[in-house]
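K.L.:
Next up is a structure, given as structure tokens.
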Amino acid sequence: MNVPKYCVNSESKAHQTETTSDQTKQELTKISAMKMLLAYTCEVCSTRNQKTISKQAYQVGVVIVKCDGCANNHLIADNLEYSLKMEKTSYDTVIIGAGLAGISAARTLIQNGVKDVLILEAQEQAGGRVRTEFIQNFPFDYGAQFIHGEVGNPLYDYAARNGLLLNIPSFEGEGNFYTQCGIRVDPEAVEEVEKLVETSLHNPDAIAKENIQEIFDAVKKEVHHDIKLEGLLEWHKNYQLIDNACHRLDELSVEAWNQYQECPGNYCQLVKGGFIAIVNHLLQGIPESTVKYSHPVEKIIWEGNNADGTGVIVKTVHGEEYKCNHVIVTCSMGFLREHWTDFFQPQLPPEWISRFNCIGFGSITKIAMMFDEPFWEGHCKGFQFAWTDTHLGHSLAYKEPWYHYLTGFDVVQASNPAVLLGWVGSRGALYLAEQDIGDEELGEECVKVLEEFTGHPSIPRPFKTIRTRWHKNPYVRGAFSYRTGVFDPAILDPLGPVVDGKTVPSLIFAGEALDLSHHSTAHGAFSSGRDQAMKIVNLKRNVSNNETAVAGTN
């Protein structure tokens, strides 16, 4: 068998050690703390590897490294000077997180001349809460799936300009409505309750004083005479729990409800190749070396690192330290709420914590069932569940009624294989995230729910069932944000020491939760990263009244 060039067995290590003079040893010891980054492609499996090695190994000119792909040991012994570079540890701006907000911030800085930028991403890939997996020919989006609206939506504009939009219809919460007795609800009744709920939610101040639950309590008084209408109202409650990723509707502030602004146009716009296609396209505007993956941040020291109190040090869990002038934090609100006390040094001012407290962060679970062929008719948009009594006993096995928070299943149009997509909110979502329920078992239970509601006794079993578990991800801890109180825009102001009477922007926050009018959306994250990065751009340009920097959205 021919051994590929530079491929050696682990036993060969003993033959690579050579005796050096005392003078050489002293010189090597002196410079061994200097790190180098070795980039090479495995000639066995073609995996691209990056390895941090010491300056000592570089000076000797021989290093043995193990491939991440095939685990073979490789002897790298020539032309190291062309493969290695000093590991940079000082930057103008460090961005925490390579989600849509972090990528947007980096592009904005780079396009406006601030190119000394580093992104530290905790996970192995970019995207944050955007992740797409292809199952056969179907791109399943674990996180963000839709571009919500067209007019005034910068992410829609970007996707449209770059040919990323998928022009097939997509539906959410539509189709036939059923009670758990297997009775289909009249379309007229569905429309009646929908109008009642939508009218009330568009003018919440006229009905409720504190929270959105009051609206549903008021509407229930109008439909209590009809059990089917009550079931439809229950569906709308579950829909709002999912749409807002909250645990209870009384957590949603009436006062803050109207802060959210919808962008007109298609509210369920799909992306070619899944939502990750947008992330990958955005990354083309950023040098590959700008992003370090699998680099979770442990602490941000955002004051007192220079003589005048400025400067930031970002420490990772692996012990690396990066110095910078500014840090943009794009971590999810779920992560930040768990790490207020240990992530920042010094701790955030009490008024900042108070402002963050108006932001909630909850969970939803998405379930995809894949079938060899559809058992539904071609014009069907979905199967929606109107629970007429959530306390009724029935054949389902779980003691915890997670399925009471399941709105139903939407038909994914023009997909191969045939796919039904379901959504679960509130306690049901947490239960599915935390319990050790196998995907096959979950698919079996979902089919039982479908059979019970539709009255169809023999629905085929899916060949594959997938569910999301963002609540279990330690760097995310949920789905997206909602508002428990009025959002204070002062939370967007930079934090930092005051020098010459002005605040030096050492610490800046960005992300979907911090967009004034479009929280919980992908375009909210995109806009927030861009807008917060522009504060650094404008600071460096010392923008005059006649000069305006161009935001990086091209």
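Residue names in the structure tokens use chain letters A, B, ... in the order shown, residue numbers from 1 in each chain, and ligand numbers from 1 in the order shown.
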Could you pull the residues within 10 Å of A:Gly382, counting only C-alpha atoms, minus those fewer than 6 positions along the same chain, as a list of chain:residue names?
P.N.:
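Listing them by chain and then by number gives A:Phe171, A:Glu172, A:Gly173, A:Glu174, A:Gly175, A:Asn176, A:Phe177, A:Trp376, A:Gly408, A:Phe409, A:Asp410, A:Val411, A:Val412, A:Leu420, A:Leu421, A:Gly422.
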K.L.:
Could you make a table, as CSV, of the residues of stretch 504-548 of chain A that have an atom within 10 Å of an atom of stretch 485-491 of chain A, each with its nearest atom pair and distance in Å to one decimal, counting only C-alpha atoms, in chain and number order?
P.N.:
residue,atom,partner,partner_atom,distance
A:Ile508,CA,A:Ile491,CA,9.2
A:Phe509,CA,A:Ile491,CA,8.0
A:Ala510,CA,A:Ile491,CA,9.8
A:Ala513,CA,A:Phe487,CA,9.9
A:Leu514,CA,A:Ile491,CA,8.0
A:Asp515,CA,A:Pro489,CA,9.0
A:Leu516,CA,A:Pro489,CA,7.1
A:Ser517,CA,A:Phe487,CA,9.5
K.L.:
Generate the output file for the selected residues, N, CA and C atoms, as a PDB file, in the first residue's frame.
P.N.:
ATOM      1  N   ILE A 508     -21.221  47.348  23.369  1.00  0.00           N
ATOM      2  CA  ILE A 508     -22.436  47.622  22.598  1.00  0.00           C
ATOM      3  C   ILE A 508     -23.212  46.318  22.437  1.00  0.00           C
ATOM      4  N   PHE A 509     -24.527  46.391  22.601  1.00  0.00           N
ATOM      5  CA  PHE A 509     -25.378  45.211  22.457  1.00  0.00           C
ATOM      6  C   PHE A 509     -26.155  45.269  21.143  1.00  0.00           C
ATOM      7  N   ALA A 510     -26.352  44.096  20.533  1.00  0.00           N
ATOM      8  CA  ALA A 510     -27.145  43.991  19.307  1.00  0.00           C
ATOM      9  C   ALA A 510     -27.811  42.619  19.277  1.00  0.00           C
ATOM     10  N   ALA A 513     -33.555  40.760  19.832  1.00  0.00           N
ATOM     11  CA  ALA A 513     -34.278  41.240  21.010  1.00  0.00           C
ATOM     12  C   ALA A 513     -34.152  42.742  21.191  1.00  0.00           C
ATOM     13  N   LEU A 514     -33.150  43.352  20.534  1.00  0.00           N
ATOM     14  CA  LEU A 514     -32.864  44.763  20.743  1.00  0.00           C
ATOM     15  C   LEU A 514     -33.247  45.632  19.560  1.00  0.00           C
ATOM     16  N   ASP A 515     -34.001  45.073  18.618  1.00  0.00           N
ATOM     17  CA  ASP A 515     -34.528  45.913  17.546  1.00  0.00           C
ATOM     18  C   ASP A 515     -35.827  46.546  18.029  1.00  0.00           C
ATOM     19  N   LEU A 516     -35.942  47.845  17.852  1.00  0.00           N
ATOM     20  CA  LEU A 516     -37.060  48.584  18.440  1.00  0.00           C
ATOM     21  C   LEU A 516     -38.409  48.075  17.972  1.00  0.00           C
ATOM     22  N   SER A 517     -38.569  47.822  16.679  1.00  0.00           N
ATOM     23  CA  SER A 517     -39.886  47.521  16.118  1.00  0.00           C
ATOM     24  C   SER A 517     -40.016  46.126  15.523  1.00  0.00           C
TER      25      SER A 517
END
K.L.:
Return as JSON lines the residues of stretch 475-501 of chain A lying at most 12 Å from stretch 301-318 of chain A, together with the closest atom-to-atom pair for each and the distance in Å to one decimal, counting only C-alpha atoms, with rows in chain order and ascending residue number.
P.N.:
{"residue": "A:Pro494", "atom": "CA", "partner": "A:Trp302", "partner_atom": "CA", "distance": 11.2}
{"residue": "A:Leu495", "atom": "CA", "partner": "A:Trp302", "partner_atom": "CA", "distance": 8.5}
{"residue": "A:Gly496", "atom": "CA", "partner": "A:Glu303", "partner_atom": "CA", "distance": 6.6}
{"residue": "A:Pro497", "atom": "CA", "partner": "A:Gly309", "partner_atom": "CA", "distance": 6.1}
{"residue": "A:Val498", "atom": "CA", "partner": "A:Gly309", "partner_atom": "CA", "distance": 8.3}
{"residue": "A:Val499", "atom": "CA", "partner": "A:Asp308", "partner_atom": "CA", "distance": 7.4}
{"residue": "A:Asp500", "atom": "CA", "partner": "A:Asp308", "partner_atom": "CA", "distance": 10.1}
K.L.:
Based on the backbone DSSP call, show me all residues of stretch 351-430 of chain A assigned helix (DSSP H, G or I), as a list in words.
P.N.:
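Residues meeting the helix (DSSP H, G or I) criterion: Glu351, Trp352, Ile353, Ser354, Arg355, Phe356, Trp402, Tyr403, His404, Tyr405, Ser426, Arg427, Gly428, Ala429 and Leu430 of chain A.
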K.L.:
Could the residues in this selection be written to a file with N, CA and C atoms, as a PDB file, in the first residue's frame?
P.N.:
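Done, and the output landed in again.pdb:
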ATOM      1  N   GLU A 351     -29.214  50.085  36.053  1.00  0.00           N
ATOM      2  CA  GLU A 351     -30.219  50.616  35.131  1.00  0.00           C
ATOM      3  C   GLU A 351     -30.245  49.823  33.826  1.00  0.00           C
ATOM      4  N   TRP A 352     -29.103  49.241  33.438  1.00  0.00           N
ATOM      5  CA  TRP A 352     -29.086  48.415  32.219  1.00  0.00           C
ATOM      6  C   TRP A 352     -29.831  47.100  32.456  1.00  0.00           C
ATOM      7  N   ILE A 353     -29.597  46.499  33.613  1.00  0.00           N
ATOM      8  CA  ILE A 353     -30.315  45.266  33.950  1.00  0.00           C
ATOM      9  C   ILE A 353     -31.808  45.535  33.995  1.00  0.00           C
ATOM     10  N   SER A 354     -32.191  46.672  34.547  1.00  0.00           N
ATOM     11  CA  SER A 354     -33.612  47.027  34.616  1.00  0.00           C
ATOM     12  C   SER A 354     -34.208  47.168  33.221  1.00  0.00           C
ATOM     13  N   ARG A 355     -33.458  47.754  32.302  1.00  0.00           N
ATOM     14  CA  ARG A 355     -33.955  47.898  30.927  1.00  0.00           C
ATOM     15  C   ARG A 355     -34.081  46.542  30.233  1.00  0.00           C
ATOM     16  N   PHE A 356     -33.147  45.660  30.505  1.00  0.00           N
ATOM     17  CA  PHE A 356     -33.226  44.323  29.916  1.00  0.00           C
ATOM     18  C   PHE A 356     -34.416  43.533  30.454  1.00  0.00           C
ATOM     19  N   TRP A 402     -48.247  17.812  26.532  1.00  0.00           N
ATOM     20  CA  TRP A 402     -47.543  18.723  25.637  1.00  0.00           C
ATOM     21  C   TRP A 402     -48.355  19.016  24.387  1.00  0.00           C
ATOM     22  N   TYR A 403     -49.154  18.041  23.946  1.00  0.00           N
ATOM     23  CA  TYR A 403     -49.901  18.168  22.695  1.00  0.00           C
ATOM     24  C   TYR A 403     -51.028  19.185  22.797  1.00  0.00           C
ATOM     25  N   HIS A 404     -51.394  19.599  24.022  1.00  0.00           N
ATOM     26  CA  HIS A 404     -52.404  20.650  24.154  1.00  0.00           C
ATOM     27  C   HIS A 404     -51.881  21.998  23.658  1.00  0.00           C
ATOM     28  N   TYR A 405     -50.576  22.099  23.496  1.00  0.00           N
ATOM     29  CA  TYR A 405     -49.960  23.335  23.007  1.00  0.00           C
ATOM     30  C   TYR A 405     -49.538  23.212  21.546  1.00  0.00           C
ATOM     31  N   SER A 426     -45.128  27.185  24.742  1.00  0.00           N
ATOM     32  CA  SER A 426     -45.311  27.213  26.189  1.00  0.00           C
ATOM     33  C   SER A 426     -44.747  25.964  26.870  1.00  0.00           C
ATOM     34  N   ARG A 427     -45.497  25.410  27.827  1.00  0.00           N
ATOM     35  CA  ARG A 427     -45.022  24.259  28.594  1.00  0.00           C
ATOM     36  C   ARG A 427     -44.760  23.052  27.706  1.00  0.00           C
ATOM     37  N   GLY A 428     -45.551  22.932  26.632  1.00  0.00           N
ATOM     38  CA  GLY A 428     -45.346  21.807  25.727  1.00  0.00           C
ATOM     39  C   GLY A 428     -43.982  21.835  25.075  1.00  0.00           C
ATOM     40  N   ALA A 429     -43.526  23.029  24.687  1.00  0.00           N
ATOM     41  CA  ALA A 429     -42.209  23.163  24.061  1.00  0.00           C
ATOM     42  C   ALA A 429     -41.096  22.814  25.041  1.00  0.00           C
ATOM     43  N   LEU A 430     -41.210  23.286  26.274  1.00  0.00           N
ATOM     44  CA  LEU A 430     -40.195  22.979  27.278  1.00  0.00           C
ATOM     45  C   LEU A 430     -40.152  21.485  27.562  1.00  0.00           C
TER      46      LEU A 430
END
K.L.:
Take atom CA of A:Leu118 and atom CA of A:Tyr91 and report the distance between them in Å, one decimal.
P.N.:
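Atom-to-atom, atom CA of A:Leu118 and atom CA of A:Tyr91 are spaced 6.8 Å apart.
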K.L.:
Env of A:Ile536: 12 Å cut, atoms = only C-alpha atoms, seq-sep filter 5 positions within chain, self excluded. Answer as a PyMOL selection string.
P.N.:
chain A and resi 92-94+105-106+108-110+112-115+117+325-328+493-494+504-508+529-531+541-543+549+551
K.L.:
Would you write out those residues with N, CA and C atoms, as a tab-separated table (two decimals), in the first residue's frame?
P.N.:
chain	number	residue	atom	x	y	z
A	92	ASP	N	-9.44	46.07	16.58
A	92	ASP	CA	-10.22	47.27	16.88
A	92	ASP	C	-11.56	46.89	17.49
A	93	THR	N	-12.26	45.94	16.84
A	93	THR	CA	-13.59	45.54	17.31
A	93	THR	C	-13.70	44.03	17.34
A	94	VAL	N	-14.18	43.50	18.46
A	94	VAL	CA	-14.49	42.08	18.57
A	94	VAL	C	-16.01	41.93	18.67
A	105	ALA	N	-23.16	43.14	11.58
A	105	ALA	CA	-22.29	44.14	12.19
A	105	ALA	C	-20.90	44.11	11.55
A	106	ALA	N	-20.36	42.92	11.35
A	106	ALA	CA	-19.02	42.80	10.76
A	106	ALA	C	-18.99	43.34	9.33
A	108	THR	N	-20.93	45.59	8.04
A	108	THR	CA	-21.08	47.04	8.09
A	108	THR	C	-19.75	47.71	8.43
A	109	LEU	N	-19.04	47.18	9.41
A	109	LEU	CA	-17.75	47.74	9.78
A	109	LEU	C	-16.76	47.64	8.63
A	110	ILE	N	-16.65	46.46	8.04
A	110	ILE	CA	-15.67	46.23	6.97
A	110	ILE	C	-15.97	47.10	5.76
A	112	ASN	N	-17.32	49.88	5.67
A	112	ASN	CA	-17.10	51.29	5.96
A	112	ASN	C	-15.68	51.56	6.46
A	113	GLY	N	-14.76	50.66	6.13
A	113	GLY	CA	-13.35	50.92	6.38
A	113	GLY	C	-12.81	50.44	7.71
A	114	VAL	N	-13.66	49.90	8.58
A	114	VAL	CA	-13.18	49.37	9.86
A	114	VAL	C	-12.95	47.87	9.66
A	115	LYS	N	-11.76	47.52	9.23
A	115	LYS	CA	-11.50	46.14	8.80
A	115	LYS	C	-10.79	45.30	9.85
A	117	VAL	N	-11.37	43.55	12.47
A	117	VAL	CA	-12.54	42.99	13.15
A	117	VAL	C	-12.34	41.49	13.37
A	325	ASN	N	-10.77	47.72	21.16
A	325	ASN	CA	-11.32	49.01	21.58
A	325	ASN	C	-12.82	48.92	21.85
A	326	HIS	N	-13.49	48.07	21.07
A	326	HIS	CA	-14.95	47.94	21.17
A	326	HIS	C	-15.33	46.47	21.09
A	327	VAL	N	-16.40	46.11	21.78
A	327	VAL	CA	-16.96	44.77	21.66
A	327	VAL	C	-18.46	44.89	21.42
A	328	ILE	N	-18.95	44.18	20.41
A	328	ILE	CA	-20.38	44.14	20.12
A	328	ILE	C	-20.89	42.77	20.55
A	493	ASP	N	-27.72	52.37	23.85
A	493	ASP	CA	-26.58	53.26	24.00
A	493	ASP	C	-25.34	52.46	24.38
A	494	PRO	N	-24.18	52.85	23.87
A	494	PRO	CA	-22.94	52.15	24.24
A	494	PRO	C	-22.60	52.37	25.71
A	504	VAL	N	-16.84	56.56	25.92
A	504	VAL	CA	-16.14	55.77	24.92
A	504	VAL	C	-16.92	54.46	24.74
A	505	PRO	N	-17.37	54.16	23.53
A	505	PRO	CA	-18.23	52.98	23.33
A	505	PRO	C	-17.45	51.66	23.41
A	506	SER	N	-17.22	51.20	24.63
A	506	SER	CA	-16.50	49.94	24.82
A	506	SER	C	-17.40	48.74	24.60
A	507	LEU	N	-18.65	48.83	25.10
A	507	LEU	CA	-19.56	47.69	25.11
A	507	LEU	C	-20.87	48.07	24.43
A	508	ILE	N	-21.22	47.35	23.37
A	508	ILE	CA	-22.44	47.62	22.60
A	508	ILE	C	-23.21	46.32	22.44
A	529	GLY	N	-27.74	44.54	14.17
A	529	GLY	CA	-26.29	44.46	14.00
A	529	GLY	C	-25.74	45.58	13.15
A	530	ARG	N	-26.42	45.88	12.06
A	530	ARG	CA	-26.01	46.98	11.17
A	530	ARG	C	-26.04	48.31	11.91
A	531	ASP	N	-27.15	48.62	12.58
A	531	ASP	CA	-27.32	49.92	13.21
A	531	ASP	C	-26.34	50.14	14.36
A	541	ARG	N	-15.25	58.04	12.04
A	541	ARG	CA	-15.25	59.04	10.96
A	541	ARG	C	-15.47	60.45	11.48
A	542	ASN	N	-15.88	60.53	12.75
A	542	ASN	CA	-16.20	61.84	13.31
A	542	ASN	C	-17.12	62.59	12.34
A	543	VAL	N	-18.26	61.95	12.07
A	543	VAL	CA	-19.16	62.41	11.02
A	543	VAL	C	-19.63	63.84	11.27
A	549	ALA	N	-22.17	58.11	6.79
A	549	ALA	CA	-21.63	56.81	6.39
A	549	ALA	C	-22.73	55.95	5.82
A	551	ALA	N	-24.57	52.48	5.40
A	551	ALA	CA	-24.75	51.21	6.10
A	551	ALA	C	-24.47	50.05	5.17
K.L.:
Grab the atom CA of A:Val447 to atom CA of A:Arg477 distance for me, in Å with one decimal place.
P.N.:
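Atom-to-atom, atom CA of A:Val447 and atom CA of A:Arg477 are spaced 28.3 Å apart.
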K.L.:
Please provide as a PDB file with N, CA and C atoms, in the first residue's frame all residues within 10 Å of stretch 278-286 of chain A, with the sequence filter that same-chain residues fewer than 4 positions apart are discarded (counting only C-alpha atoms).
P.N.:
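Wrote part24.pdb, looks like this:
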ATOM      1  N   ALA A  98     -21.650  34.800  15.678  1.00  0.00           N
ATOM      2  CA  ALA A  98     -21.708  34.866  14.214  1.00  0.00           C
ATOM      3  C   ALA A  98     -23.100  34.519  13.719  1.00  0.00           C
ATOM      4  N   GLY A  99     -24.120  35.039  14.416  1.00  0.00           N
ATOM      5  CA  GLY A  99     -25.480  34.958  13.909  1.00  0.00           C
ATOM      6  C   GLY A  99     -25.731  36.105  12.950  1.00  0.00           C
ATOM      7  N   LEU A 100     -26.994  36.327  12.613  1.00  0.00           N
ATOM      8  CA  LEU A 100     -27.311  37.387  11.653  1.00  0.00           C
ATOM      9  C   LEU A 100     -26.889  38.758  12.160  1.00  0.00           C
ATOM     10  N   ILE A 103     -22.900  38.901  11.996  1.00  0.00           N
ATOM     11  CA  ILE A 103     -22.418  38.972  10.611  1.00  0.00           C
ATOM     12  C   ILE A 103     -22.754  40.321   9.999  1.00  0.00           C
ATOM     13  N   SER A 104     -23.967  40.806  10.246  1.00  0.00           N
ATOM     14  CA  SER A 104     -24.370  42.110   9.725  1.00  0.00           C
ATOM     15  C   SER A 104     -23.485  43.217  10.281  1.00  0.00           C
ATOM     16  N   ALA A 106     -20.358  42.916  11.349  1.00  0.00           N
ATOM     17  CA  ALA A 106     -19.021  42.796  10.757  1.00  0.00           C
ATOM     18  C   ALA A 106     -18.993  43.338   9.334  1.00  0.00           C
ATOM     19  N   ARG A 107     -20.003  43.006   8.539  1.00  0.00           N
ATOM     20  CA  ARG A 107     -20.061  43.510   7.162  1.00  0.00           C
ATOM     21  C   ARG A 107     -20.138  45.036   7.145  1.00  0.00           C
ATOM     22  N   THR A 108     -20.934  45.588   8.042  1.00  0.00           N
ATOM     23  CA  THR A 108     -21.079  47.041   8.091  1.00  0.00           C
ATOM     24  C   THR A 108     -19.752  47.709   8.429  1.00  0.00           C
ATOM     25  N   ILE A 110     -16.649  46.461   8.040  1.00  0.00           N
ATOM     26  CA  ILE A 110     -15.672  46.234   6.975  1.00  0.00           C
ATOM     27  C   ILE A 110     -15.970  47.097   5.757  1.00  0.00           C
ATOM     28  N   GLN A 111     -17.248  47.191   5.375  1.00  0.00           N
ATOM     29  CA  GLN A 111     -17.613  47.976   4.194  1.00  0.00           C
ATOM     30  C   GLN A 111     -17.412  49.468   4.413  1.00  0.00           C
ATOM     31  N   LYS A 115     -11.758  47.517   9.227  1.00  0.00           N
ATOM     32  CA  LYS A 115     -11.496  46.142   8.802  1.00  0.00           C
ATOM     33  C   LYS A 115     -10.792  45.298   9.855  1.00  0.00           C
ATOM     34  N   VAL A 117     -11.371  43.551  12.471  1.00  0.00           N
ATOM     35  CA  VAL A 117     -12.538  42.989  13.152  1.00  0.00           C
ATOM     36  C   VAL A 117     -12.344  41.494  13.372  1.00  0.00           C
ATOM     37  N   ALA A 126     -21.496  29.119  11.586  1.00  0.00           N
ATOM     38  CA  ALA A 126     -22.133  30.429  11.651  1.00  0.00           C
ATOM     39  C   ALA A 126     -23.645  30.270  11.553  1.00  0.00           C
ATOM     40  N   GLY A 127     -24.347  31.346  11.921  1.00  0.00           N
ATOM     41  CA  GLY A 127     -25.797  31.351  11.775  1.00  0.00           C
ATOM     42  C   GLY A 127     -26.544  31.613  13.057  1.00  0.00           C
ATOM     43  N   GLY A 128     -25.943  31.277  14.212  1.00  0.00           N
ATOM     44  CA  GLY A 128     -26.683  31.460  15.456  1.00  0.00           C
ATOM     45  C   GLY A 128     -27.921  30.587  15.471  1.00  0.00           C
ATOM     46  N   VAL A 130     -29.912  30.258  13.117  1.00  0.00           N
ATOM     47  CA  VAL A 130     -30.181  29.817  11.741  1.00  0.00           C
ATOM     48  C   VAL A 130     -29.385  28.540  11.513  1.00  0.00           C
ATOM     49  N   ARG A 131     -30.097  27.478  11.219  1.00  0.00           N
ATOM     50  CA  ARG A 131     -29.431  26.205  10.934  1.00  0.00           C
ATOM     51  C   ARG A 131     -30.320  25.396  10.002  1.00  0.00           C
ATOM     52  N   LEU A 155     -33.702  42.640   5.049  1.00  0.00           N
ATOM     53  CA  LEU A 155     -33.269  41.279   4.747  1.00  0.00           C
ATOM     54  C   LEU A 155     -33.982  40.742   3.510  1.00  0.00           C
ATOM     55  N   TYR A 158     -32.224  42.328   0.595  1.00  0.00           N
ATOM     56  CA  TYR A 158     -30.937  41.672   0.335  1.00  0.00           C
ATOM     57  C   TYR A 158     -31.149  40.344  -0.387  1.00  0.00           C
ATOM     58  N   ALA A 159     -32.090  39.542   0.105  1.00  0.00           N
ATOM     59  CA  ALA A 159     -32.349  38.238  -0.508  1.00  0.00           C
ATOM     60  C   ALA A 159     -32.871  38.389  -1.928  1.00  0.00           C
ATOM     61  N   ASN A 162     -30.120  39.350  -4.432  1.00  0.00           N
ATOM     62  CA  ASN A 162     -29.132  38.305  -4.675  1.00  0.00           C
ATOM     63  C   ASN A 162     -29.746  36.972  -5.099  1.00  0.00           C
ATOM     64  N   LEU A 164     -32.102  34.994  -3.816  1.00  0.00           N
ATOM     65  CA  LEU A 164     -32.204  33.960  -2.788  1.00  0.00           C
ATOM     66  C   LEU A 164     -33.639  33.592  -2.429  1.00  0.00           C
ATOM     67  N   LEU A 165     -34.619  34.283  -2.985  1.00  0.00           N
ATOM     68  CA  LEU A 165     -36.014  34.031  -2.618  1.00  0.00           C
ATOM     69  C   LEU A 165     -36.549  32.792  -3.331  1.00  0.00           C
ATOM     70  N   VAL A 271     -36.730  30.764   1.578  1.00  0.00           N
ATOM     71  CA  VAL A 271     -35.422  31.032   0.980  1.00  0.00           C
ATOM     72  C   VAL A 271     -34.942  29.779   0.251  1.00  0.00           C
ATOM     73  N   LYS A 272     -34.376  29.965  -0.938  1.00  0.00           N
ATOM     74  CA  LYS A 272     -33.837  28.833  -1.700  1.00  0.00           C
ATOM     75  C   LYS A 272     -32.737  28.135  -0.905  1.00  0.00           C
ATOM     76  N   GLY A 273     -32.878  26.834  -0.754  1.00  0.00           N
ATOM     77  CA  GLY A 273     -31.850  26.091  -0.043  1.00  0.00           C
ATOM     78  C   GLY A 273     -31.892  26.263   1.451  1.00  0.00           C
ATOM     79  N   GLY A 274     -33.011  26.775   1.976  1.00  0.00           N
ATOM     80  CA  GLY A 274     -33.112  26.989   3.411  1.00  0.00           C
ATOM     81  C   GLY A 274     -32.511  28.317   3.831  1.00  0.00           C
ATOM     82  N   THR A 290     -11.746  36.227   9.573  1.00  0.00           N
ATOM     83  CA  THR A 290     -12.415  37.121  10.527  1.00  0.00           C
ATOM     84  C   THR A 290     -13.173  36.338  11.592  1.00  0.00           C
ATOM     85  N   VAL A 291     -13.612  35.123  11.279  1.00  0.00           N
ATOM     86  CA  VAL A 291     -14.455  34.350  12.193  1.00  0.00           C
ATOM     87  C   VAL A 291     -13.663  33.207  12.807  1.00  0.00           C
ATOM     88  N   GLY A 552     -23.872  48.981   5.725  1.00  0.00           N
ATOM     89  CA  GLY A 552     -23.451  47.849   4.897  1.00  0.00           C
ATOM     90  C   GLY A 552     -24.529  46.830   4.656  1.00  0.00           C
ATOM     91  N   THR A 553     -25.408  47.081   3.706  1.00  0.00           N
ATOM     92  CA  THR A 553     -26.486  46.128   3.418  1.00  0.00           C
ATOM     93  C   THR A 553     -26.435  45.617   1.993  1.00  0.00           C
ATOM     94  N   ASN A 554     -25.399  45.964   1.238  1.00  0.00           N
ATOM     95  CA  ASN A 554     -25.341  45.530  -0.165  1.00  0.00           C
ATOM     96  C   ASN A 554     -24.923  44.072  -0.269  1.00  0.00           C
TER      97      ASN A 554
END
K.L.:
Could you tell me how far atom CA of A:Ala479 lies from atom CA of A:Leu232, in Å and to one decimal?
P.N.:
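Between atom CA of A:Ala479 and atom CA of A:Leu232 the gap is 25.1 Å.
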K.L.:
Sort by chain and increasing residue number a table of all residues of stretch 359-395 of chain A within 10 Å of stretch 132-143 of chain A, each with its closest pair of atoms and their distance in Å to one decimal, counting only C-alpha atoms, and write it as a Markdown table.
P.N.:
| residue | atom | partner | partner_atom | distance |
| --- | --- | --- | --- | --- |
| A:Thr365 | CA | A:Tyr142 | CA | 9.3 |
| A:Lys366 | CA | A:Tyr142 | CA | 7.4 |
| A:Ile367 | CA | A:Tyr142 | CA | 9.3 |
| A:Ala368 | CA | A:Phe140 | CA | 8.0 |
| A:Met370 | CA | A:Ile135 | CA | 9.2 |
K.L.:
Keeping only C-alpha atoms, write the selected residues as a short mmCIF file (atom, residue, chain, number, x, y, z; two decimals), in the first residue's frame.
P.N.:
data_model
loop_
_atom_site.label_atom_id
_atom_site.label_comp_id
_atom_site.auth_asym_id
_atom_site.auth_seq_id
_atom_site.Cartn_x
_atom_site.Cartn_y
_atom_site.Cartn_z
CA THR A 365 -40.61 23.43 19.36
CA LYS A 366 -40.87 22.77 15.64
CA ILE A 367 -41.78 19.24 14.53
CA ALA A 368 -41.34 17.98 10.97
CA MET A 370 -41.72 13.29 6.52
#
K.L.:
Taking only C-alpha atoms into account, which of A:Asp157, A:Asp243, A:Glu444, A:Glu192 comes nearest A:Glu222?
P.N.:
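Nearest candidate to A:Glu222 out of A:Asp157, A:Asp243, A:Glu444, A:Glu192: A:Glu192.
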K.L.:
Residues at most 8 Å from A:Asp372, counting only C-alpha atoms, excluding those fewer than 6 positions away in the same chain, as an mmCIF file with C-alpha atoms, in the first residue's frame?
P.N.:
data_model
loop_
_atom_site.group_PDB
_atom_site.id
_atom_site.type_symbol
_atom_site.label_atom_id
_atom_site.label_comp_id
_atom_site.auth_asym_id
_atom_site.auth_seq_id
_atom_site.Cartn_x
_atom_site.Cartn_y
_atom_site.Cartn_z
ATOM 1 C CA PRO A 417 -40.553 14.064 0.430
ATOM 2 C CA ALA A 418 -44.026 15.072 1.639
ATOM 3 C CA PRO A 462 -43.667 9.080 8.852
ATOM 4 C CA PHE A 463 -40.331 7.618 7.806
#
